[in-house]
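Colleague: Data: start.cif, mmCIF, C-alpha atoms and all ligand atoms.
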```
data_input
#
loop_
_atom_site.label_atom_id
_atom_site.label_comp_id
_atom_site.auth_asym_id
_atom_site.auth_seq_id
_atom_site.Cartn_x
_atom_site.Cartn_y
_atom_site.Cartn_z
CA MET A 1 -28.28 -123.91 59.99
CA GLU A 2 -26.86 -124.57 56.57
CA ILE A 3 -23.64 -126.51 56.30
CA GLN A 4 -22.12 -123.81 54.07
CA LEU A 5 -22.53 -121.22 56.81
CA TRP A 6 -20.84 -123.52 59.31
CA ARG A 7 -17.97 -124.05 56.85
CA GLU A 8 -17.53 -120.30 56.46
CA LEU A 9 -17.59 -119.84 60.22
CA LEU A 10 -15.11 -122.63 60.96
CA ASN A 11 -12.67 -122.08 58.09
CA PRO A 12 -10.62 -119.28 59.77
CA TYR A 13 -10.45 -121.34 62.99
CA GLU A 14 -9.03 -124.26 61.05
CA LEU A 15 -6.41 -121.97 59.57
CA ALA A 16 -5.54 -120.60 63.02
CA VAL A 17 -5.17 -124.10 64.49
CA ASN A 18 -2.94 -125.16 61.59
CA GLU A 19 -0.77 -122.04 61.79
CA LEU A 20 -0.40 -122.11 65.55
CA THR A 21 0.36 -125.83 65.70
CA LEU A 22 3.07 -125.28 63.09
CA LYS A 23 4.50 -122.27 64.95
CA PHE A 24 4.71 -124.06 68.30
CA ARG A 25 6.21 -127.17 66.70
CA HIS A 26 8.82 -124.95 65.09
CA LEU A 27 9.73 -123.61 68.51
CA ILE A 28 10.58 -127.16 69.61
CA LYS A 29 12.76 -127.56 66.52
CA GLU A 30 14.44 -124.20 67.02
CA HIS A 31 15.35 -125.05 70.62
CA LYS A 32 16.78 -128.41 69.58
CA GLU A 33 18.76 -126.94 66.71
CA ASN A 34 20.33 -124.48 69.12
CA GLY A 35 21.20 -127.24 71.56
CA LEU A 36 18.67 -125.91 74.04
CA TYR A 37 16.14 -127.74 76.18
CA SER A 38 12.63 -127.14 74.79
CA PRO A 39 9.99 -126.16 77.38
CA ILE A 40 7.47 -127.56 74.90
CA GLU A 41 7.33 -131.34 74.59
CA GLN A 42 4.29 -131.84 72.31
CA VAL A 43 1.71 -129.72 70.52
CA SER A 44 -1.74 -130.65 69.28
CA GLY A 45 -4.71 -128.72 68.02
CA ARG A 46 -8.34 -129.19 67.11
CA VAL A 47 -11.36 -127.26 65.87
CA LYS A 48 -14.51 -127.77 67.94
CA THR A 49 -17.03 -129.99 66.19
CA ILE A 50 -20.34 -128.51 65.05
CA SER A 51 -22.21 -130.80 67.45
CA SER A 52 -20.21 -129.67 70.46
CA ILE A 53 -20.63 -126.02 69.43
CA LEU A 54 -24.39 -126.62 69.29
CA GLU A 55 -24.27 -128.31 72.68
CA LYS A 56 -22.40 -125.36 74.20
CA MET A 57 -24.80 -122.85 72.57
CA GLN A 58 -27.70 -124.63 74.18
CA LYS A 59 -26.03 -125.00 77.57
CA LYS A 60 -24.91 -121.36 77.76
CA LYS A 61 -27.89 -119.88 75.85
CA ILE A 62 -25.73 -118.43 73.08
CA ILE A 63 -27.32 -117.32 69.81
CA PHE A 64 -25.65 -117.87 66.45
CA GLU A 65 -24.62 -114.22 66.07
CA ASP A 66 -22.68 -114.42 69.35
CA ILE A 67 -20.81 -117.68 68.72
CA GLU A 68 -17.50 -116.09 67.75
CA ASP A 69 -17.61 -113.70 70.67
CA LYS A 70 -18.80 -116.01 73.40
CA ILE A 71 -17.31 -119.40 72.52
CA GLU A 72 -13.62 -118.97 73.26
CA ASP A 73 -12.55 -122.51 72.44
CA ILE A 74 -13.68 -123.05 68.84
CA ALA A 75 -9.97 -123.15 68.07
CA GLY A 76 -7.98 -125.09 70.66
CA ILE A 77 -4.25 -125.67 71.04
CA ARG A 78 -2.78 -127.98 73.65
CA ILE A 79 0.83 -127.59 74.71
CA ILE A 80 2.35 -130.40 76.76
CA CYS A 81 5.44 -129.80 78.89
CA GLN A 82 7.68 -132.10 80.91
CA PHE A 83 7.80 -130.00 84.07
CA VAL A 84 5.50 -127.48 85.79
CA GLU A 85 8.26 -124.82 85.50
CA ASP A 86 8.15 -125.21 81.72
CA ILE A 87 4.51 -124.11 81.69
CA PHE A 88 5.54 -120.67 82.91
CA LYS A 89 8.33 -120.49 80.33
CA VAL A 90 5.73 -121.16 77.63
CA VAL A 91 3.43 -118.48 79.12
CA GLU A 92 6.30 -115.98 78.94
CA LEU A 93 7.04 -117.03 75.40
CA ILE A 94 3.43 -116.37 74.40
CA ASN A 95 3.40 -113.01 76.25
CA ASN A 96 6.45 -111.87 74.31
CA ARG A 97 5.12 -112.69 70.86
CA GLY A 98 3.87 -110.08 68.45
CA ASP A 99 1.38 -112.40 66.76
CA MET A 100 -0.57 -113.49 69.85
CA GLU A 101 -2.55 -111.02 71.94
CA VAL A 102 -3.51 -112.33 75.38
CA LYS A 103 -7.19 -111.75 76.19
CA VAL A 104 -7.43 -113.59 79.49
CA VAL A 105 -5.60 -116.25 81.49
CA LYS A 106 -7.23 -118.98 83.57
CA ASP A 107 -4.77 -120.33 86.10
CA TYR A 108 -6.03 -123.74 87.17
CA LEU A 109 -2.60 -124.51 88.65
CA ASN A 110 -3.03 -122.10 91.54
CA ASN A 111 -6.81 -122.47 91.41
CA ILE A 112 -7.31 -126.21 91.02
CA LYS A 113 -10.82 -127.05 89.78
CA GLU A 114 -13.19 -129.00 91.99
CA SER A 115 -12.69 -132.09 89.81
CA GLY A 116 -8.95 -131.95 90.47
CA TYR A 117 -8.25 -130.50 86.99
CA ARG A 118 -4.97 -128.60 86.67
CA SER A 119 -3.74 -126.68 83.60
CA TYR A 120 -2.90 -123.14 82.59
CA HIS A 121 -5.24 -121.67 79.97
CA ILE A 122 -4.65 -118.60 77.86
CA ILE A 123 -7.26 -117.16 75.53
CA ILE A 124 -5.54 -115.23 72.78
CA PHE A 125 -6.64 -113.08 69.87
CA TYR A 126 -4.96 -114.24 66.69
CA ASN A 127 -5.10 -112.74 63.18
CA VAL A 128 -5.67 -114.89 60.11
CA GLN A 129 -5.92 -113.80 56.48
CA THR A 130 -9.08 -114.85 54.66
CA ILE A 131 -10.35 -114.11 51.16
CA ARG A 132 -12.41 -111.36 52.80
CA GLY A 133 -9.35 -109.84 54.43
CA PRO A 134 -7.85 -110.12 57.90
CA LYS A 135 -9.90 -111.65 60.70
CA LYS A 136 -9.15 -111.59 64.42
CA ILE A 137 -10.30 -114.72 66.19
CA GLN A 138 -10.05 -116.24 69.67
CA VAL A 139 -7.98 -119.32 70.41
CA GLU A 140 -7.82 -121.28 73.66
CA ILE A 141 -4.32 -122.48 74.51
CA GLN A 142 -4.15 -125.14 77.23
CA ILE A 143 -0.71 -125.63 78.75
CA ARG A 144 -0.10 -128.61 81.02
CA THR A 145 2.46 -131.25 82.00
CA LEU A 146 2.52 -134.81 80.68
CA ALA A 147 1.18 -135.94 84.06
CA MET A 148 -1.67 -133.39 84.04
CA ASP A 149 -2.52 -134.48 80.51
CA PHE A 150 -2.59 -138.14 81.54
CA TRP A 151 -5.13 -137.34 84.28
CA ALA A 152 -7.25 -134.93 82.19
CA THR A 153 -7.45 -137.31 79.23
CA ILE A 154 -8.74 -140.20 81.33
CA GLU A 155 -11.05 -138.03 83.45
CA HIS A 156 -12.51 -136.52 80.28
CA SER A 157 -13.19 -139.91 78.72
CA LEU A 158 -14.86 -141.12 81.95
CA GLN A 159 -16.98 -137.94 82.07
CA TYR A 160 -18.03 -138.75 78.55
CA LYS A 161 -18.80 -142.34 79.44
CA TYR A 162 -21.02 -141.26 82.34
CA LYS A 163 -22.58 -138.48 80.24
CA LYS A 164 -21.82 -135.91 82.97
CA ASN A 165 -23.54 -138.01 85.69
CA MET A 166 -20.43 -139.40 87.25
CA PRO A 167 -21.06 -141.28 90.52
CA GLU A 168 -19.75 -139.49 93.62
CA HIS A 169 -17.33 -142.26 94.60
CA ILE A 170 -15.74 -142.18 91.13
CA LYS A 171 -15.40 -138.40 91.37
CA GLN A 172 -13.66 -138.84 94.70
CA ARG A 173 -11.23 -141.43 93.37
CA LEU A 174 -10.41 -139.20 90.40
CA SER A 175 -9.86 -136.32 92.75
CA SER A 176 -7.42 -138.32 94.85
CA ALA A 177 -5.73 -139.52 91.66
CA ALA A 178 -5.32 -135.80 90.82
CA SER A 179 -3.59 -135.28 94.17
CA ALA A 180 -1.22 -138.13 93.31
CA VAL A 181 -0.48 -136.42 89.98
CA LEU A 182 0.27 -133.17 91.83
CA LEU A 183 2.75 -135.02 94.06
CA LEU A 184 4.30 -136.66 91.00
CA ASP A 185 4.77 -133.32 89.23
CA ASN A 186 6.38 -131.87 92.36
CA GLU A 187 8.68 -134.85 92.76
CA MET A 188 9.80 -134.64 89.12
CA SER A 189 10.51 -130.91 89.53
CA SER A 190 12.54 -131.65 92.62
CA VAL A 191 14.57 -134.35 90.84
CA ARG A 192 15.21 -131.95 88.01
CA SER A 193 16.36 -129.11 90.22
CA GLU A 194 18.70 -131.44 92.11
CA ILE A 195 20.26 -132.49 88.80
CA MET A 196 20.53 -128.87 87.68
CA ASP A 197 22.19 -127.86 90.96
CA ALA A 198 24.70 -130.67 90.58
CA GLN A 199 25.48 -129.59 87.02
CA ASN A 200 25.96 -125.98 88.11
CA SER A 201 28.36 -126.95 90.87
CA PHE A 202 30.45 -128.89 88.35
CA GLN A 203 30.73 -125.80 86.19
CA ILE A 204 32.12 -123.64 89.02
P1 LIG A 301 -16.22 -125.25 78.95
O1 LIG A 301 -15.79 -126.04 80.17
O2 LIG A 301 -15.37 -125.55 77.76
O3 LIG A 301 -17.67 -125.38 78.67
O4 LIG A 301 -16.00 -123.71 79.20
P2 LIG A 301 -15.63 -122.86 80.49
O5 LIG A 301 -15.90 -121.46 80.13
O6 LIG A 301 -16.25 -123.42 81.71
O7 LIG A 301 -14.06 -123.00 80.53
P3 LIG A 301 -13.09 -123.84 81.44
O8 LIG A 301 -11.88 -123.00 81.52
O9 LIG A 301 -13.75 -124.31 82.68
O10 LIG A 301 -12.78 -125.13 80.56
C1 LIG A 301 -12.20 -125.06 79.32
C2 LIG A 301 -11.65 -126.40 78.92
O11 LIG A 301 -10.76 -126.91 79.91
C3 LIG A 301 -12.67 -127.50 78.77
O12 LIG A 301 -13.28 -127.46 77.52
C4 LIG A 301 -11.79 -128.75 78.96
O13 LIG A 301 -11.04 -129.02 77.80
C5 LIG A 301 -10.84 -128.30 80.03
N1 LIG A 301 -11.36 -128.63 81.38
C6 LIG A 301 -11.91 -127.78 82.27
N2 LIG A 301 -12.29 -128.43 83.39
C7 LIG A 301 -11.97 -129.73 83.20
C8 LIG A 301 -12.11 -130.92 84.00
O14 LIG A 301 -12.61 -130.91 85.13
N3 LIG A 301 -11.68 -132.09 83.45
C9 LIG A 301 -11.09 -132.15 82.22
N4 LIG A 301 -10.69 -133.35 81.78
N5 LIG A 301 -10.95 -131.05 81.45
C10 LIG A 301 -11.38 -129.87 81.92
MG MG A 302 -15.92 -125.69 82.02
#
```
Translate this file's structure into structure tokens.
Ligand code: GTP
Ligand code: MG
Modeller:
Amino acid sequence: MEIQLWRELLNPYELAVNELTLKFRHLIKEHKENGLYSPIEQVSGRVKTISSILEKMQKKKIIFEDIEDKIEDIAGIRIICQFVEDIFKVVELINNRGDMEVKVVKDYLNNIKESGYRSYHIIIFYNVQTIRGPKKIQVEIQIRTLAMDFWATIEHSLQYKYKKNMPEHIKQRLSSAASAVLLLDNEMSSVRSEIMDAQNSFQI
């Protein structure tokens, strides 16, 4: 396919990623300016590369006309939180916004993937303005803790290294590393709630 057609296809997704990254980063700022703890620690975004769109089209037998409908993660936003509880605060925040319409949620916190992957995904519909008028596109928002991100980043780069043929014993070690990350997240939450309880009892 011609590069110009790809540019036209991807342009609105780029705009959406830029706008959404800015909006979520502003939320961090707004919390801080109000002296509040921000449930969002970091935000990043990316537009899927043409080569990985092509790869996905081939893998899932998607034709060009169906790309925008069937590939939900052309625009991707990643929100990193300190604690698991923050993830649900971010979900609520997204639910209450007028500019993001939730299409579907994928809860890999309660339904941990076989690999050990944990995260909360939300696919939203988001409106951008183009020279041809408004356009509603899909964006995948991945919400996870710093610890989950640490695991997913390394696991992803190893997957890439092994070109999807990861040896079974490596898979097993990554899976037990994921269990360690789960324990770590729980321990951090418990430390936090102990501190919060102590603070509350001082206030009484
Ligand atoms: P793709 O996995 O993107 O082909 O689509 P899907 O429809 O299967 O969606 P899924 O919700 O399974 O995955 C969406 C995204 O979550 C992926 O593109 C990854 O960024 C992330 N993800 C899902 N599973 C894993 C995993 O086992 N390891 C890592 N590191 N990331 C994962
Ligand atoms: Mg997948």
Colleague: Show me which residues are within 7 Å of ligand LIG 301 (chain A) counting only C-alpha atoms and all ligand atoms, and format the list as a PyMOL selection string.
Modeller: chain A and resi 56+73+106+113+115-117+121+152-153+155-156
Colleague: List the neighbours of Asp99 in chain A out to 12 Å using all atoms listed in the file; skip same-chain residues closer than 2 positions along the sequence, and give me the result as a PDB file with C-alpha atoms, in the frame of the given file.
Modeller:
```
ATOM      1  CA  ALA A  16      -5.540-120.600  63.020  1.00  0.00           C
ATOM      2  CA  GLU A  19      -0.770-122.040  61.790  1.00  0.00           C
ATOM      3  CA  LEU A  20      -0.400-122.110  65.550  1.00  0.00           C
ATOM      4  CA  LYS A  23       4.500-122.270  64.950  1.00  0.00           C
ATOM      5  CA  LEU A  93       7.040-117.030  75.400  1.00  0.00           C
ATOM      6  CA  ILE A  94       3.430-116.370  74.400  1.00  0.00           C
ATOM      7  CA  ASN A  95       3.400-113.010  76.250  1.00  0.00           C
ATOM      8  CA  ASN A  96       6.450-111.870  74.310  1.00  0.00           C
ATOM      9  CA  ARG A  97       5.120-112.690  70.860  1.00  0.00           C
ATOM     10  CA  GLU A 101      -2.550-111.020  71.940  1.00  0.00           C
ATOM     11  CA  VAL A 102      -3.510-112.330  75.380  1.00  0.00           C
ATOM     12  CA  ILE A 124      -5.540-115.230  72.780  1.00  0.00           C
ATOM     13  CA  PHE A 125      -6.640-113.080  69.870  1.00  0.00           C
ATOM     14  CA  TYR A 126      -4.960-114.240  66.690  1.00  0.00           C
ATOM     15  CA  ASN A 127      -5.100-112.740  63.180  1.00  0.00           C
ATOM     16  CA  VAL A 128      -5.670-114.890  60.110  1.00  0.00           C
ATOM     17  CA  LYS A 136      -9.150-111.590  64.420  1.00  0.00           C
ATOM     18  CA  ILE A 137     -10.300-114.720  66.190  1.00  0.00           C
TER      19      ILE A 137
END
```
Colleague: Restricting the calculation to only C-alpha atoms and all ligand atoms, which member of A:Met188, A:Phe150, A:Leu15, A:Glu114 is positioned closest to ligand MG 302 (chain A)?
Modeller: A:Glu114
Colleague: Could you work out how far CA of Val104 in chain A lies from CA of Asp69 in chain A, giving the answer in Å with one decimal?
Modeller: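 Separation between CA of Asp69 in chain A and CA of Val104 in chain A: 13.5 Å.
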Colleague: For the atom pair CA of Met1 in chain A and CA of Phe64 in chain A, what is the interatomic distance in Å to one decimal place?
Modeller: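 According to the coordinates, CA of Met1 in chain A and CA of Phe64 in chain A are separated by 9.2 Å.
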Colleague: With distances taken over only C-alpha atoms, which of A:Glu14, A:Tyr120, A:Gln159, A:Lys135 is nearest to Lys89 in chain A?
Modeller: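 Residue with the minimum atom-to-atom distance to Lys89 in chain A: A:Tyr120.
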Colleague: Counting all atoms listed in the file, which residue out of A:Ile71, A:Ile63, A:Ile28, A:Met148 sits closest to ligand MG 302 (chain A)?
Modeller: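 Looking at the shortest contact to ligand MG 302 (chain A), the residue is A:Ile71.
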Colleague: How many Å lie between CA of Leu9 in chain A and CA of Ile141 in chain A, rounded to one decimal?
Modeller: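 Separation between CA of Leu9 in chain A and CA of Ile141 in chain A: 19.7 Å.
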Colleague: Select, from A:Lys163, A:Arg46, A:Lys59, A:Lys103, the residue with the minimum atom-to-atom distance to ligand MG 302 (chain A), counting only C-alpha atoms and all ligand atoms.
Modeller: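 Closest residue, counting only C-alpha atoms and all ligand atoms: A:Lys59.
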Colleague: Please determine an axis-aligned box that encloses all atoms of range 194-200 of chain A listed in the file, with 4 Å added on each side, and express its centre and edge lengths in Å to one decimal as JSON.
Modeller:
```
{"center_x": 22.3, "center_y": -129.2, "center_z": 89.6, "size_x": 15.3, "size_y": 14.5, "size_z": 13.1}
```
Colleague: Pick out the closest residue to ligand MG 302 (chain A) from this set: A:His26, A:Arg78, A:Lys32, A:Lys164. Count all atoms listed in the file.
Modeller: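 Using all atoms listed in the file, the shortest distance to ligand MG 302 (chain A) belongs to A:Lys164.
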Colleague: Could you list, as a PyMOL selection string, every residue within 9 Å of Val90 in chain A, counting only C-alpha atoms and ignoring same-chain residues fewer than 5 positions away?
Modeller: chain A and resi 39-40+79+81+95+143
Colleague: Can you tell me, as a JSON list (two decimals) with C-alpha atoms, in the frame of the given file, what residues are no more than 12 Å from Leu183 in chain A when counting all atoms listed in the file, ignoring any on the same chain fewer than 6 positions away?
Modeller:
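Once written, around-v2.json looks like this:
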```json
[["chain", "number", "residue", "atom", "x", "y", "z"],
["A", 84, "VAL", "CA", 5.50, -127.48, 85.79],
["A", 147, "ALA", "CA", 1.18, -135.94, 84.06],
["A", 148, "MET", "CA", -1.67, -133.39, 84.04],
["A", 176, "SER", "CA", -7.42, -138.32, 94.85],
["A", 177, "ALA", "CA", -5.73, -139.52, 91.66],
["A", 189, "SER", "CA", 10.51, -130.91, 89.53],
["A", 190, "SER", "CA", 12.54, -131.65, 92.62]]
```
Colleague: Residues within 7 Å of Val105 in chain A, please, as a CSV table (one decimal) with C-alpha atoms, in the frame of the given file. Count all atoms listed in the file; anything in the same chain fewer than 2 positions from it doesn't count.
Modeller:
```
chain,number,residue,atom,x,y,z
A,107,ASP,CA,-4.8,-120.3,86.1
A,121,HIS,CA,-5.2,-121.7,80.0
A,122,ILE,CA,-4.6,-118.6,77.9
A,123,ILE,CA,-7.3,-117.2,75.5
```
Colleague: With all atoms listed in the file as the basis for distance, which of A:Lys60, A:Arg7, A:Lys171, A:Arg132 is at the shortest distance from ligand MG 302 (chain A)?
Modeller: A:Lys60
